[in-house]
$ cat entry.txt   # compact mmCIF, C-alpha atoms
# COMPACT_ATOMS: atom_id res chain seq x y z
CA MET R 73 28.93 170.96 78.26
CA LYS R 74 25.59 172.07 79.61
CA LEU R 75 25.31 175.34 81.52
CA GLU R 76 22.17 176.33 83.40
CA ILE R 77 21.83 179.93 84.60
CA GLY R 78 19.07 180.20 87.18
CA ASN R 79 17.80 183.77 87.13
CA PHE R 80 16.27 185.81 89.93
CA GLN R 81 14.89 189.21 88.86
CA VAL R 82 15.84 191.99 91.27
CA LYS R 83 13.08 194.61 91.48
CA ASP R 84 14.70 196.69 94.21
CA VAL R 85 17.79 196.83 96.43
CA VAL R 86 17.58 198.21 99.97
CA PHE R 87 19.59 198.25 103.17
CA GLY R 88 18.07 196.16 105.96
CA GLU R 89 18.73 194.07 109.03
CA LYS R 90 19.58 190.92 107.05
CA THR R 91 21.28 190.27 103.74
CA MET R 92 18.65 188.27 101.87
CA PHE R 93 16.56 188.01 98.70
CA ASN R 94 12.78 187.79 98.99
CA ASN R 95 9.98 188.53 96.50
CA GLY R 96 12.30 190.42 94.16
CA ILE R 97 13.85 192.57 96.90
CA LEU R 98 17.56 192.27 97.63
CA SER R 99 18.19 193.46 101.18
CA ILE R 100 21.73 194.17 102.39
CA ASN R 101 22.98 194.46 105.94
CA LYS R 102 25.39 197.29 105.24
CA GLU R 103 27.53 196.88 108.35
CA GLU R 104 28.13 193.17 107.74
CA ALA R 105 28.74 193.73 104.03
CA MET R 106 31.33 196.41 104.71
CA ALA R 107 33.07 194.16 107.22
CA PHE R 108 33.27 191.43 104.59
CA ILE R 109 34.75 193.76 101.96
CA LYS R 110 37.27 195.21 104.43
CA GLU R 111 38.69 191.76 105.05
CA ASP R 112 41.02 192.90 102.28
CA GLU R 113 43.56 194.92 104.27
CA HIS R 114 44.34 197.08 101.23
CA ILE R 115 40.90 198.73 101.44
CA ILE R 116 41.35 201.53 103.97
CA ASP R 117 38.12 203.51 103.50
CA LEU R 118 34.75 202.28 102.29
CA ASP R 119 31.11 203.07 101.72
CA ILE R 120 28.34 201.15 99.94
CA VAL R 121 25.84 203.25 98.00
CA ILE R 122 22.82 202.12 95.97
CA ALA R 123 22.10 203.90 92.66
CA LYS R 124 18.83 203.33 90.80
CA PRO R 125 17.68 204.00 87.23
CA GLY R 126 16.15 207.44 86.65
CA GLU R 127 17.91 209.14 89.55
CA SER R 128 19.92 212.30 88.97
CA THR R 129 23.05 210.47 90.08
CA ARG R 130 26.52 210.54 88.55
CA ILE R 131 29.00 207.75 89.34
CA VAL R 132 32.73 208.27 88.68
CA PRO R 133 35.39 206.86 88.55
CA VAL R 134 33.87 203.43 87.83
CA LYS R 135 36.48 200.67 87.62
CA GLU R 136 34.49 197.44 87.29
CA ALA R 137 30.95 196.01 87.01
CA VAL R 138 29.98 192.47 88.03
CA GLU R 139 26.68 190.57 88.06
CA PRO R 140 26.04 188.93 91.47
CA ARG R 141 26.13 185.14 91.13
CA ILE R 142 26.68 181.97 93.14
CA ARG R 143 27.21 178.29 92.40
CA PRO R 144 24.93 176.01 94.45
CA ASP R 145 27.61 173.29 94.37
CA GLY R 146 30.14 175.53 96.13
CA ARG R 147 32.57 176.12 93.27
CA PRO R 148 33.89 179.71 92.99
CA VAL R 149 32.06 182.03 90.62
CA PHE R 150 35.36 183.36 89.27
CA PRO R 151 37.91 180.52 89.39
CA GLY R 152 41.44 181.70 90.02
CA VAL R 153 40.14 184.97 91.49
CA THR R 154 37.50 184.26 94.15
CA GLY R 155 38.67 180.69 94.70
CA ASP R 156 40.72 177.85 93.34
CA VAL R 157 40.96 177.18 89.61
CA GLU R 158 37.98 175.06 88.62
CA ALA R 159 36.30 174.33 85.28
CA THR R 160 33.41 176.58 84.26
CA GLY R 161 30.70 176.26 81.61
CA ASN R 162 29.02 173.19 83.05
CA GLY R 163 26.44 172.75 85.79
CA ARG R 164 24.29 175.38 87.53
CA VAL R 165 24.93 178.97 88.52
CA HIS R 166 22.38 181.33 90.09
CA ALA R 167 22.29 184.98 89.00
CA LEU R 168 20.70 188.14 90.37
CA LYS R 169 19.43 189.91 87.25
CA GLY R 170 18.75 193.61 86.81
CA CYS R 171 21.56 194.72 89.11
CA SER R 172 25.33 194.94 89.24
CA VAL R 173 28.12 195.50 91.73
CA LEU R 174 30.20 198.54 90.73
CA GLY R 175 33.74 199.12 91.93
CA VAL R 176 34.10 202.90 92.33
CA GLY R 177 37.10 204.95 93.40
CA MET R 178 36.59 207.20 96.40
CA HIS R 179 39.55 209.23 95.12
CA TYR R 180 41.72 209.17 92.04
CA GLY R 181 40.54 208.09 88.62
CA SER R 182 42.79 206.18 86.27
CA PHE R 183 43.14 205.64 82.55
CA GLY R 184 40.59 202.83 82.32
CA ASP R 185 37.95 204.27 84.65
CA GLY R 186 34.66 205.75 83.51
CA LEU R 187 31.43 207.57 84.28
CA ILE R 188 27.82 206.44 84.56
CA ASP R 189 24.78 208.74 84.69
CA MET R 190 21.69 207.05 86.12
CA GLY R 191 19.24 209.55 84.65
CA GLY R 192 18.82 212.37 82.15
CA GLU R 193 20.67 212.77 78.86
CA GLY R 194 23.72 210.82 80.03
CA ALA R 195 21.74 207.66 80.81
CA LYS R 196 21.43 206.72 77.14
CA TYR R 197 25.17 206.25 76.75
CA THR R 198 25.64 203.18 78.93
CA LEU R 199 23.80 199.98 79.71
CA PHE R 200 24.52 200.37 83.42
CA SER R 201 22.07 203.25 83.77
CA GLU R 202 19.36 200.61 83.28
CA LEU R 203 20.51 198.50 86.25
CA ILE R 204 20.29 198.93 90.00
CA ASN R 205 23.93 199.47 90.92
CA ILE R 206 25.36 198.48 94.27
CA CYS R 207 28.43 200.70 94.46
CA ILE R 208 31.52 199.76 96.46
CA VAL R 209 33.03 203.23 96.94
CA ALA R 210 36.52 202.65 98.25
CA ASP R 211 39.98 203.99 98.80
CA THR R 212 43.05 201.76 99.04
CA ASP R 213 46.61 201.85 100.32
CA GLU R 214 47.99 201.23 96.84
CA GLU R 215 50.02 204.44 97.18
CA PHE R 216 52.61 203.64 94.55
CA GLU R 217 49.84 203.33 91.94
CA ARG R 218 47.75 206.33 92.90
CA PHE R 219 49.62 208.89 90.88
CA GLU R 220 50.39 206.76 87.85
CA GLN R 221 48.28 207.23 84.76
CA GLN R 222 47.57 203.54 84.40
CA LYS R 223 47.09 202.05 87.84
CA LYS R 224 45.70 198.64 88.65
CA ASN R 225 43.51 199.34 91.68
CA ARG R 226 43.28 195.60 91.99
CA ALA R 227 41.87 195.80 95.52
CA ILE R 228 38.74 197.67 94.39
CA ARG R 229 38.21 195.57 91.29
CA TRP R 230 38.66 192.26 93.05
CA ALA R 231 36.45 193.42 95.92
CA SER R 232 33.71 193.77 93.30
CA HIS R 233 34.07 190.09 92.36
CA ARG R 234 34.14 188.92 95.96
CA PHE R 235 31.13 191.05 96.90
CA ALA R 236 29.17 189.87 93.84
CA GLU R 237 29.66 186.31 95.07
CA TYR R 238 28.73 187.38 98.62
CA LEU R 239 25.40 188.80 97.38
CA GLY R 240 24.84 185.78 95.17
CA ASN R 241 24.74 183.65 98.32
CA THR R 242 21.27 185.09 99.00
CA VAL R 243 19.82 182.87 96.25
CA LYS R 244 22.11 179.85 96.62
CA ASP R 245 19.36 177.56 97.93
CA LEU R 246 16.34 179.20 96.27
CA LYS R 247 14.39 178.01 93.23
CA PRO R 248 15.09 180.18 90.16
CA GLU R 249 12.27 182.07 88.48
CA GLU R 250 13.75 181.16 85.09
CA ILE R 251 16.50 178.86 83.87
CA GLU R 252 18.53 179.65 80.75
CA THR R 253 20.18 176.59 79.25
CA PHE R 254 23.27 176.75 77.05
CA GLU R 255 24.52 173.57 75.44
CA LEU R 256 26.42 172.80 72.26
CA GLU R 257 26.94 169.30 70.98
CA PRO R 258 30.59 168.30 70.36
CA ILE R 259 31.54 169.54 66.90
CA THR R 260 32.12 166.07 65.46
CA LYS R 261 28.89 164.67 66.93
CA ARG R 262 26.35 167.05 65.44
CA SER R 263 23.39 165.99 63.34
CA GLU R 264 23.38 166.02 59.55
CA GLU R 265 20.77 168.80 59.60
CA ILE R 266 22.97 171.07 61.71
CA ASN R 267 26.11 170.26 59.74
CA LYS R 268 24.37 171.41 56.54
CA LEU R 269 24.01 174.92 57.97
CA PRO R 270 26.72 177.59 57.57
CA SER R 271 29.30 177.09 60.33
CA VAL R 272 30.17 180.21 62.32
CA VAL R 273 32.82 180.89 64.95
CA LEU R 274 33.13 183.91 67.24
CA VAL R 275 36.63 185.34 67.64
CA MET R 276 37.09 187.44 70.78
CA GLN R 277 40.09 189.69 71.40
CA PRO R 278 40.14 190.69 75.10
CA GLN R 279 42.56 193.33 76.34
CA SER R 280 45.99 191.83 76.99
CA GLN R 281 48.53 194.18 75.44
CA MET R 282 50.23 195.36 78.65
CA GLU R 283 53.51 193.55 79.25
CA GLU R 284 53.41 194.61 82.89
CA LEU R 285 51.14 192.03 84.49
CA GLY R 286 48.08 193.11 86.46
CA TYR R 287 46.45 195.40 83.92
CA ASN R 288 45.08 192.79 81.53
CA ASP R 289 41.93 190.66 81.38
CA LEU R 290 42.28 187.32 83.14
CA VAL R 291 41.20 183.85 82.01
CA TYR R 292 40.83 181.43 84.91
CA GLY R 293 42.89 183.94 86.89
CA TRP R 294 45.73 183.91 84.32
CA ASP R 295 46.95 187.19 82.83
CA MET R 296 46.07 187.11 79.13
CA ASN R 297 49.30 188.82 78.13
CA LYS R 298 50.78 185.32 78.36
CA TYR R 299 47.92 183.74 76.43
CA VAL R 300 47.91 182.29 72.91
CA PRO R 301 44.70 181.87 70.88
CA SER R 302 42.72 178.83 72.00
CA PHE R 303 39.37 177.26 71.31
CA MET R 304 36.88 177.71 74.15
CA ASN R 305 33.34 176.62 74.77
CA PRO R 306 31.14 179.75 74.82
CA ASN R 307 29.70 178.58 78.14
CA GLU R 308 33.04 179.26 79.79
CA VAL R 309 32.79 182.94 78.83
CA LEU R 310 29.24 183.24 80.20
CA ASP R 311 30.21 181.38 83.36
CA GLY R 312 33.01 183.37 84.97
CA ALA R 313 36.14 182.14 83.19
CA LEU R 314 37.07 185.71 82.22
CA ILE R 315 37.26 188.91 84.25
CA SER R 316 37.96 192.44 83.11
CA GLY R 317 41.30 194.20 83.47
CA SER R 318 42.02 197.86 84.11
CA PHE R 319 43.91 198.93 81.01
CA MET R 320 41.51 200.16 78.35
CA PRO R 321 39.70 203.49 77.93
CA ALA R 322 36.35 203.13 79.64
CA SER R 323 33.99 203.27 76.67
CA SER R 324 35.89 200.44 74.98
CA LYS R 325 36.01 198.10 77.96
CA TRP R 326 34.39 194.76 78.46
CA ALA R 327 33.41 194.76 82.12
CA THR R 328 33.13 191.38 83.82
CA TYR R 329 29.36 191.93 83.57
CA ASP R 330 29.76 191.96 79.76
CA PHE R 331 31.57 188.63 79.75
CA GLN R 332 28.89 187.11 82.01
CA ASN R 333 26.09 188.21 79.67
CA PHE R 334 27.87 188.49 76.30
CA PRO R 335 24.98 189.30 73.91
CA THR R 336 26.78 188.22 70.73
CA ILE R 337 27.26 184.74 72.19
CA LYS R 338 23.61 184.57 73.23
CA GLU R 339 22.45 185.63 69.75
CA LEU R 340 24.63 183.00 68.10
CA TYR R 341 23.14 180.43 70.46
CA LYS R 342 19.62 181.51 69.44
CA GLU R 343 20.43 180.92 65.77
CA HIS R 344 22.24 177.62 66.32
CA GLY R 345 20.40 174.81 64.55
CA LYS R 346 18.13 177.33 62.79
CA SER R 347 20.22 179.50 60.46
CA ILE R 348 23.77 178.62 61.54
CA ASN R 349 25.96 175.94 63.07
CA PHE R 350 27.61 177.77 65.99
CA LEU R 351 31.01 176.14 66.42
CA GLY R 352 32.14 178.04 69.52
CA VAL R 353 34.65 180.72 70.51
CA ILE R 354 38.24 181.21 69.44
CA MET R 355 39.61 183.23 72.34
CA SER R 356 42.45 185.33 70.98
CA ASN R 357 44.28 188.27 72.52
CA LEU R 358 45.73 191.73 71.86
CA ASN R 359 49.48 191.92 71.60
CA VAL R 360 52.39 194.30 72.00
CA SER R 361 54.67 193.72 68.97
CA LEU R 362 53.78 193.31 65.31
CA GLU R 363 55.35 189.86 65.33
CA GLN R 364 53.05 188.77 68.15
CA LYS R 365 50.02 190.20 66.36
CA LYS R 366 50.85 188.29 63.17
CA ARG R 367 51.40 185.08 65.10
CA SER R 368 48.01 185.31 66.80
CA ALA R 369 46.27 186.01 63.47
CA ILE R 370 47.88 182.87 62.02
CA PHE R 371 46.72 180.80 65.00
CA VAL R 372 43.16 182.13 64.69
CA ALA R 373 42.88 181.57 60.94
CA GLN R 374 44.31 178.04 61.15
CA MET R 375 41.96 177.15 63.99
CA ALA R 376 38.87 178.51 62.23
CA LYS R 377 39.75 176.69 59.00
CA SER R 378 40.44 173.42 60.84
CA LEU R 379 37.11 173.69 62.64
CA GLY R 380 35.38 174.02 59.28
CA ALA R 381 34.15 177.58 59.77
CA ASP R 382 32.37 179.16 56.83
CA GLY R 383 32.05 182.48 58.61
CA ALA R 384 33.41 184.35 61.61
CA ILE R 385 32.60 187.34 63.77
CA VAL R 386 35.65 189.14 65.15
CA THR R 387 35.30 191.61 68.00
CA GLU R 388 38.03 193.55 69.81
CA GLU R 389 38.11 195.19 73.22
CA GLY R 390 39.51 198.62 72.60
CA TYR R 391 40.92 200.67 69.76
CA GLY R 392 44.17 202.22 68.60
CA ASN R 393 47.01 199.72 68.91
CA PRO R 394 44.52 196.79 69.14
CA ASP R 395 43.16 197.75 65.71
CA ALA R 396 46.28 196.15 64.22
CA ASP R 397 45.44 192.79 65.83
CA TYR R 398 41.81 193.19 64.76
CA ILE R 399 42.49 193.93 61.08
CA LEU R 400 45.28 191.34 60.78
CA CYS R 401 42.90 188.72 62.15
CA LEU R 402 40.10 189.73 59.77
CA ALA R 403 42.44 189.59 56.77
CA ALA R 404 43.95 186.25 57.82
CA LEU R 405 40.49 184.69 58.11
CA GLU R 406 39.47 186.00 54.70
CA ASP R 407 42.72 184.63 53.24
CA VAL R 408 41.76 181.08 54.27
CA GLY R 409 38.24 181.44 52.88
CA VAL R 410 36.34 182.30 56.08
CA LYS R 411 33.88 185.14 55.43
CA THR R 412 34.30 187.57 58.30
CA VAL R 413 32.41 190.42 59.95
CA GLY R 414 34.09 192.72 62.46
CA ILE R 415 32.56 194.54 65.44
CA SER R 416 34.42 197.48 66.98
CA ASN R 417 34.20 201.15 67.80
CA GLU R 418 36.03 203.88 65.90
CA CYS R 419 38.43 206.69 66.79
CA THR R 420 37.56 209.33 64.21
CA GLY R 421 38.46 212.43 66.24
CA ARG R 422 36.14 214.97 67.83
CA ASP R 423 35.06 216.16 64.40
CA GLY R 424 34.49 212.61 63.12
CA ALA R 425 36.78 213.21 60.15
CA SER R 426 39.78 211.03 60.96
CA GLN R 427 40.53 207.48 59.81
CA PRO R 428 38.29 205.23 61.93
CA LEU R 429 40.83 202.48 62.66
CA VAL R 430 44.60 202.77 63.03
CA THR R 431 45.14 200.32 60.18
CA LEU R 432 42.81 199.12 57.42
CA ASP R 433 42.74 196.36 54.82
CA GLU R 434 40.51 196.03 51.76
CA LYS R 435 39.64 192.49 52.89
CA ALA R 436 37.96 193.97 55.96
CA ASN R 437 34.88 194.95 53.98
CA ALA R 438 32.12 194.05 56.44
CA LEU R 439 32.49 196.08 59.63
CA VAL R 440 29.98 196.99 62.33
CA SER R 441 30.69 200.27 64.15
CA THR R 442 29.58 200.89 67.72
CA GLY R 443 30.45 204.58 67.69
CA ASN R 444 33.21 207.16 67.90
CA VAL R 445 35.25 207.15 71.11
CA SER R 446 36.16 210.83 70.65
CA GLN R 447 32.60 212.15 70.34
CA LEU R 448 32.13 215.11 72.68
CA ILE R 449 29.39 214.78 75.29
CA GLU R 450 28.05 217.65 77.40
CA LEU R 451 25.96 216.83 80.46
CA PRO R 452 24.24 219.07 83.04
CA PRO R 453 25.01 218.90 86.78
CA ALA R 454 23.71 215.89 88.68
CA ASP R 455 21.96 216.15 92.04
CA LYS R 456 24.23 213.50 93.54
CA VAL R 457 27.75 212.28 92.81
CA ILE R 458 28.95 208.85 93.92
CA GLY R 459 32.75 208.74 94.03
CA GLU R 460 34.66 211.86 93.07
CA LEU R 461 33.67 214.11 90.17
CA GLN R 462 37.10 215.72 90.09
CA ALA R 463 38.54 212.39 88.97
CA LEU R 464 37.23 213.35 85.53
CA ALA R 465 39.10 216.65 85.71
CA ARG R 466 42.54 215.13 86.17
CA ASP R 467 44.69 214.35 83.17
CA GLY R 468 44.88 210.58 83.26
CA LEU R 469 41.27 209.42 83.18
CA SER R 470 40.68 208.78 79.50
CA GLY R 471 38.12 211.14 77.99
CA GLY R 472 38.42 213.81 80.67
CA TRP R 473 40.97 216.56 81.20
CA ALA R 474 42.10 219.20 83.66
CA TYR R 475 42.02 222.03 81.12
CA ASP R 476 41.68 222.36 77.35
CA GLU R 477 42.58 225.66 75.62
CA ILE R 478 39.45 225.52 73.48
CA LEU R 479 36.92 223.69 75.67
CA GLY R 480 38.07 224.77 79.11
CA ALA R 481 37.84 222.44 82.09
CA SER R 482 36.18 219.04 81.76
CA VAL R 483 34.36 219.65 85.07
CA ARG R 484 32.82 223.11 85.29
CA GLU R 485 32.18 225.14 88.42
CA ASP R 486 28.44 224.38 88.38
CA GLY R 487 29.07 220.62 88.21
CA SER R 488 28.19 220.28 84.52
CA ILE R 489 30.73 218.40 82.41
CA ILE R 490 32.15 218.11 78.94
CA MET R 491 34.11 214.99 78.04
CA GLU R 492 34.82 212.56 75.25
CA ASN R 493 32.72 209.43 74.88
CA ASN R 494 35.95 207.67 75.91
CA ALA R 495 35.06 208.35 79.56
CA MET R 496 31.59 206.74 79.45
CA PHE R 497 31.84 203.41 81.26
CA CYS R 498 31.44 200.60 78.68
CA GLY R 499 29.68 203.21 76.57
CA ASP R 500 30.36 201.62 73.20
CA ARG R 501 28.77 198.31 74.26
CA ILE R 502 31.06 196.33 71.96
CA ALA R 503 29.88 193.03 73.48
CA GLY R 504 26.71 193.43 71.41
CA TRP R 505 24.50 195.71 73.52
CA SER R 506 25.01 198.74 71.29
CA THR R 507 21.96 200.73 70.23
CA LYS R 508 23.95 203.28 68.23
CA THR R 509 23.33 203.71 64.54
CA MET R 510 24.76 205.68 61.63
CA LYS R 511 23.86 209.02 60.09
CA GLU R 512 24.38 209.78 56.43
CA PHE R 513 25.44 213.29 55.42
$ encode --input "entry.txt" --output "structure tokens"
Amino acid sequence: MKLEIGNFQVKDVVFGEKTMFNNGILSINKEEAMAFIKEDEHIIDLDIVIAKPGESTRIVPVKEAVEPRIRPDGRPVFPGVTGDVEATGNGRVHALKGCSVLGVGMHYGSFGDGLIDMGGEGAKYTLFSELINICIVADTDEEFERFEQQKKNRAIRWASHRFAEYLGNTVKDLKPEEIETFELEPITKRSEEINKLPSVVLVMQPQSQMEELGYNDLVYGWDMNKYVPSFMNPNEVLDGALISGSFMPASSKWATYDFQNFPTIKELYKEHGKSINFLGVIMSNLNVSLEQKKRSAIFVAQMAKSLGADGAIVTEEGYGNPDADYILCLAALEDVGVKTVGISNECTGRDGASQPLVTLDEKANALVSTGNVSQLIELPPADKVIGELQALARDGLSGGWAYDEILGASVREDGSIIMENNAMFCGDRIAGWSTKTMKEF
């Protein structure tokens, strides 16, 4: 499978008379764009707002982030979501780089929603402060979900995918400035030189632990709660086969943007044929019961061993209950002789003194941490808020709170905030973006 991603660097995004891309400027006809988004009858109120790096702008509650893309051959960018189920990972896709479409709640934050600061101290906590963000700020008629702690808000999230494809149409027939090519030879057809190198597989554990369908990540439009570990070509991940769900505290999430640009996959590609033989991706899942967790670990270990893996990287989306899947998988791989490194965040409490993962195993002796989800963050007021700041102040949005006996309100009267890192949208950058490091005491 050979995937070509034709890149167009976006230098600025503006509203204009015509939706088009020219000389690095993405222009959007706001009226036409809003009409397109409101074709979904569940969206009852809408605005589109542009947020740029360096601005004193706070965005909350953020539900989803998507890179605008289009396929010149007419296939859907997100099969099973924005169109019929089609194969991904092969052929050409065009991408608008340096920007993202954000799905933002006009009212009501939920468990998996987060915050982005475009400037100041808060900007360092999330990758999305570095992008030009085209924010769909919407309210929906999903009344029965509004007051639940863990609501789907599918209309807003799926509008983000549809609108990303809509904007991608601006470069459908243009010549890319750069083409990234991703291609792996079939495992049994590789050269002797490559086969001599250490063989490495990436094990991904997307969020799928909610038995109630609609909250989990999707693969080709299929809820991953019903998924069993399978071998996938890494190109499929980079090319729209997976989209993000709503159930996972914000800092631990993989947004759809993360799947589209998964840095760990790209780094493994860079080393393929040089220092490693990159076999591909074992796409696993996160489960509800211990029996299911054990079963998935067995599948993963058997698959890695059968593929001839010498080493593996395991990375989980989330923390807490998913730590059990994560550690079981690490131990199972080590048991069959596959040397394994894990990548995850930690939940060590506000004081940093608690056990970092819910469960541990002495075989999991090579772990990469992307930070503490419970770390307290204090940020000054922002000049502008996109969405609703009070969403952070309601019990339900992970990392924020209405009132704490010691810390007071999460949102203060002057607009300054105190919250846990949990609430920072994709703040732990578990896909491989993380710039966090460790301090020794």
$ atom_distance --input "entry.txt" --atom1 "CA of Gly194 in chain R" --atom2 "CA of Asn444 in chain R"
15.8 Å
$ residues_near_point --input "entry.txt" --point "(41.7, 191.2, 92.3)" --cutoff "12 Å" --atoms "all atoms listed in the file" --output "PDB file with C-alpha atoms, in the coordinates of the input"
ATOM      1  CA  ASP R 112      41.020 192.900 102.280  1.00  0.00           C
ATOM      2  CA  HIS R 114      44.340 197.080 101.230  1.00  0.00           C
ATOM      3  CA  ILE R 115      40.900 198.730 101.440  1.00  0.00           C
ATOM      4  CA  LYS R 135      36.480 200.670  87.620  1.00  0.00           C
ATOM      5  CA  GLU R 136      34.490 197.440  87.290  1.00  0.00           C
ATOM      6  CA  PHE R 150      35.360 183.360  89.270  1.00  0.00           C
ATOM      7  CA  PRO R 151      37.910 180.520  89.390  1.00  0.00           C
ATOM      8  CA  GLY R 152      41.440 181.700  90.020  1.00  0.00           C
ATOM      9  CA  VAL R 153      40.140 184.970  91.490  1.00  0.00           C
ATOM     10  CA  THR R 154      37.500 184.260  94.150  1.00  0.00           C
ATOM     11  CA  GLY R 155      38.670 180.690  94.700  1.00  0.00           C
ATOM     12  CA  GLY R 175      33.740 199.120  91.930  1.00  0.00           C
ATOM     13  CA  LYS R 224      45.700 198.640  88.650  1.00  0.00           C
ATOM     14  CA  ASN R 225      43.510 199.340  91.680  1.00  0.00           C
ATOM     15  CA  ARG R 226      43.280 195.600  91.990  1.00  0.00           C
ATOM     16  CA  ALA R 227      41.870 195.800  95.520  1.00  0.00           C
ATOM     17  CA  ILE R 228      38.740 197.670  94.390  1.00  0.00           C
ATOM     18  CA  ARG R 229      38.210 195.570  91.290  1.00  0.00           C
ATOM     19  CA  TRP R 230      38.660 192.260  93.050  1.00  0.00           C
ATOM     20  CA  ALA R 231      36.450 193.420  95.920  1.00  0.00           C
ATOM     21  CA  SER R 232      33.710 193.770  93.300  1.00  0.00           C
ATOM     22  CA  HIS R 233      34.070 190.090  92.360  1.00  0.00           C
ATOM     23  CA  ARG R 234      34.140 188.920  95.960  1.00  0.00           C
ATOM     24  CA  PHE R 235      31.130 191.050  96.900  1.00  0.00           C
ATOM     25  CA  GLY R 286      48.080 193.110  86.460  1.00  0.00           C
ATOM     26  CA  TYR R 287      46.450 195.400  83.920  1.00  0.00           C
ATOM     27  CA  ASN R 288      45.080 192.790  81.530  1.00  0.00           C
ATOM     28  CA  ASP R 289      41.930 190.660  81.380  1.00  0.00           C
ATOM     29  CA  LEU R 290      42.280 187.320  83.140  1.00  0.00           C
ATOM     30  CA  GLY R 293      42.890 183.940  86.890  1.00  0.00           C
ATOM     31  CA  TRP R 294      45.730 183.910  84.320  1.00  0.00           C
ATOM     32  CA  ASP R 295      46.950 187.190  82.830  1.00  0.00           C
ATOM     33  CA  ILE R 315      37.260 188.910  84.250  1.00  0.00           C
ATOM     34  CA  SER R 316      37.960 192.440  83.110  1.00  0.00           C
ATOM     35  CA  GLY R 317      41.300 194.200  83.470  1.00  0.00           C
ATOM     36  CA  SER R 318      42.020 197.860  84.110  1.00  0.00           C
TER      37      SER R 318
END
$ residues_around --input "entry.txt" --residues "Glu113 in chain R" --least-positions-apart "2" --cutoff "9 Å" --atoms "only C-alpha atoms" --output "list in words"
Lys110, Glu111, Ile115, Ile116, Thr212, Asp213 and Ala227 of chain R
$ residues_around --input "entry.txt" --residues "range 462-465 of chain R" --least-positions-apart "4" --cutoff "10 Å" --atoms "all atoms listed in the file" --output "list in words"
Val132, Pro133, Gly177, Met178, His179, Tyr180, Gly181, Ser182, Asp185, Gly186, Leu187, Leu469, Ser470, Gly471, Gly472, Trp473, Ala474, Tyr475, Ala481, Ser482, Val483, Arg484, Gly487, Ile489, Ile490, Met491 and Ala495 of chain R
$ atom_distance --input "entry.txt" --atom1 "CA of Ser361 in chain R" --atom2 "CA of Ala376 in chain R"
22.9 Å
$ atom_distance --input "entry.txt" --atom1 "CA of Gly392 in chain R" --atom2 "CA of Val291 in chain R"
22.9 Å
$ closest_atom_pairs --input "entry.txt" --of "range 233-290 of chain R" --to "range 377-388 of chain R" --cutoff "12 Å" --atoms "only C-alpha atoms" --output "Markdown table"
| residue | atom | partner | partner_atom | distance |
| --- | --- | --- | --- | --- |
| R:Pro258 | CA | R:Leu379 | CA | 11.5 |
| R:Ile259 | CA | R:Leu379 | CA | 8.1 |
| R:Thr260 | CA | R:Leu379 | CA | 9.5 |
| R:Asn267 | CA | R:Gly380 | CA | 10.0 |
| R:Lys268 | CA | R:Asp382 | CA | 11.1 |
| R:Leu269 | CA | R:Asp382 | CA | 9.4 |
| R:Pro270 | CA | R:Asp382 | CA | 5.9 |
| R:Ser271 | CA | R:Ala381 | CA | 4.9 |
| R:Val272 | CA | R:Gly383 | CA | 4.7 |
| R:Val273 | CA | R:Ala384 | CA | 4.8 |
| R:Leu274 | CA | R:Ile385 | CA | 4.9 |
| R:Val275 | CA | R:Val386 | CA | 4.6 |
| R:Met276 | CA | R:Thr387 | CA | 5.3 |
| R:Gln277 | CA | R:Glu388 | CA | 4.7 |
| R:Pro278 | CA | R:Glu388 | CA | 6.4 |
| R:Gln279 | CA | R:Glu388 | CA | 8.0 |
| R:Ser280 | CA | R:Glu388 | CA | 10.9 |
| R:Gln281 | CA | R:Glu388 | CA | 11.9 |
$ closest_residue --input "entry.txt" --among "R:Gly170, R:Pro453, R:Gly421, R:Gly345" --to "Val138 in chain R" --atoms "all atoms listed in the file"
R:Gly170
$ closest_residue --input "entry.txt" --among "R:Ala137, R:Ile204, R:Leu461, R:Val165" --to "Ala123 in chain R" --atoms "all atoms listed in the file"
R:Ile204
$ closest_residue --input "entry.txt" --among "R:Pro301, R:Gly504, R:Gly161, R:Pro148" --to "Leu340 in chain R" --atoms "all atoms listed in the file"
R:Gly504
$ closest_residue --input "entry.txt" --among "R:Glu255, R:Asp117, R:Glu127, R:Glu406" --to "Gly192 in chain R" --atoms "all atoms listed in the file"
R:Glu127
$ residues_around --input "entry.txt" --residues "range 432-442 of chain R" --least-positions-apart "6" --cutoff "8 Å" --atoms "only C-alpha atoms" --output "PyMOL selection string"
chain R and resi 399+402-403+406+412-418+500-502+506+508-509
$ write_last_selection --input "entry.txt" --atoms "C-alpha atoms" --output "CSV table (one decimal), in the frame of the given file"
chain,number,residue,atom,x,y,z
R,399,ILE,CA,42.5,193.9,61.1
R,402,LEU,CA,40.1,189.7,59.8
R,403,ALA,CA,42.4,189.6,56.8
R,406,GLU,CA,39.5,186.0,54.7
R,412,THR,CA,34.3,187.6,58.3
R,413,VAL,CA,32.4,190.4,60.0
R,414,GLY,CA,34.1,192.7,62.5
R,415,ILE,CA,32.6,194.5,65.4
R,416,SER,CA,34.4,197.5,67.0
R,417,ASN,CA,34.2,201.2,67.8
R,418,GLU,CA,36.0,203.9,65.9
R,500,ASP,CA,30.4,201.6,73.2
R,501,ARG,CA,28.8,198.3,74.3
R,502,ILE,CA,31.1,196.3,72.0
R,506,SER,CA,25.0,198.7,71.3
R,508,LYS,CA,24.0,203.3,68.2
R,509,THR,CA,23.3,203.7,64.5
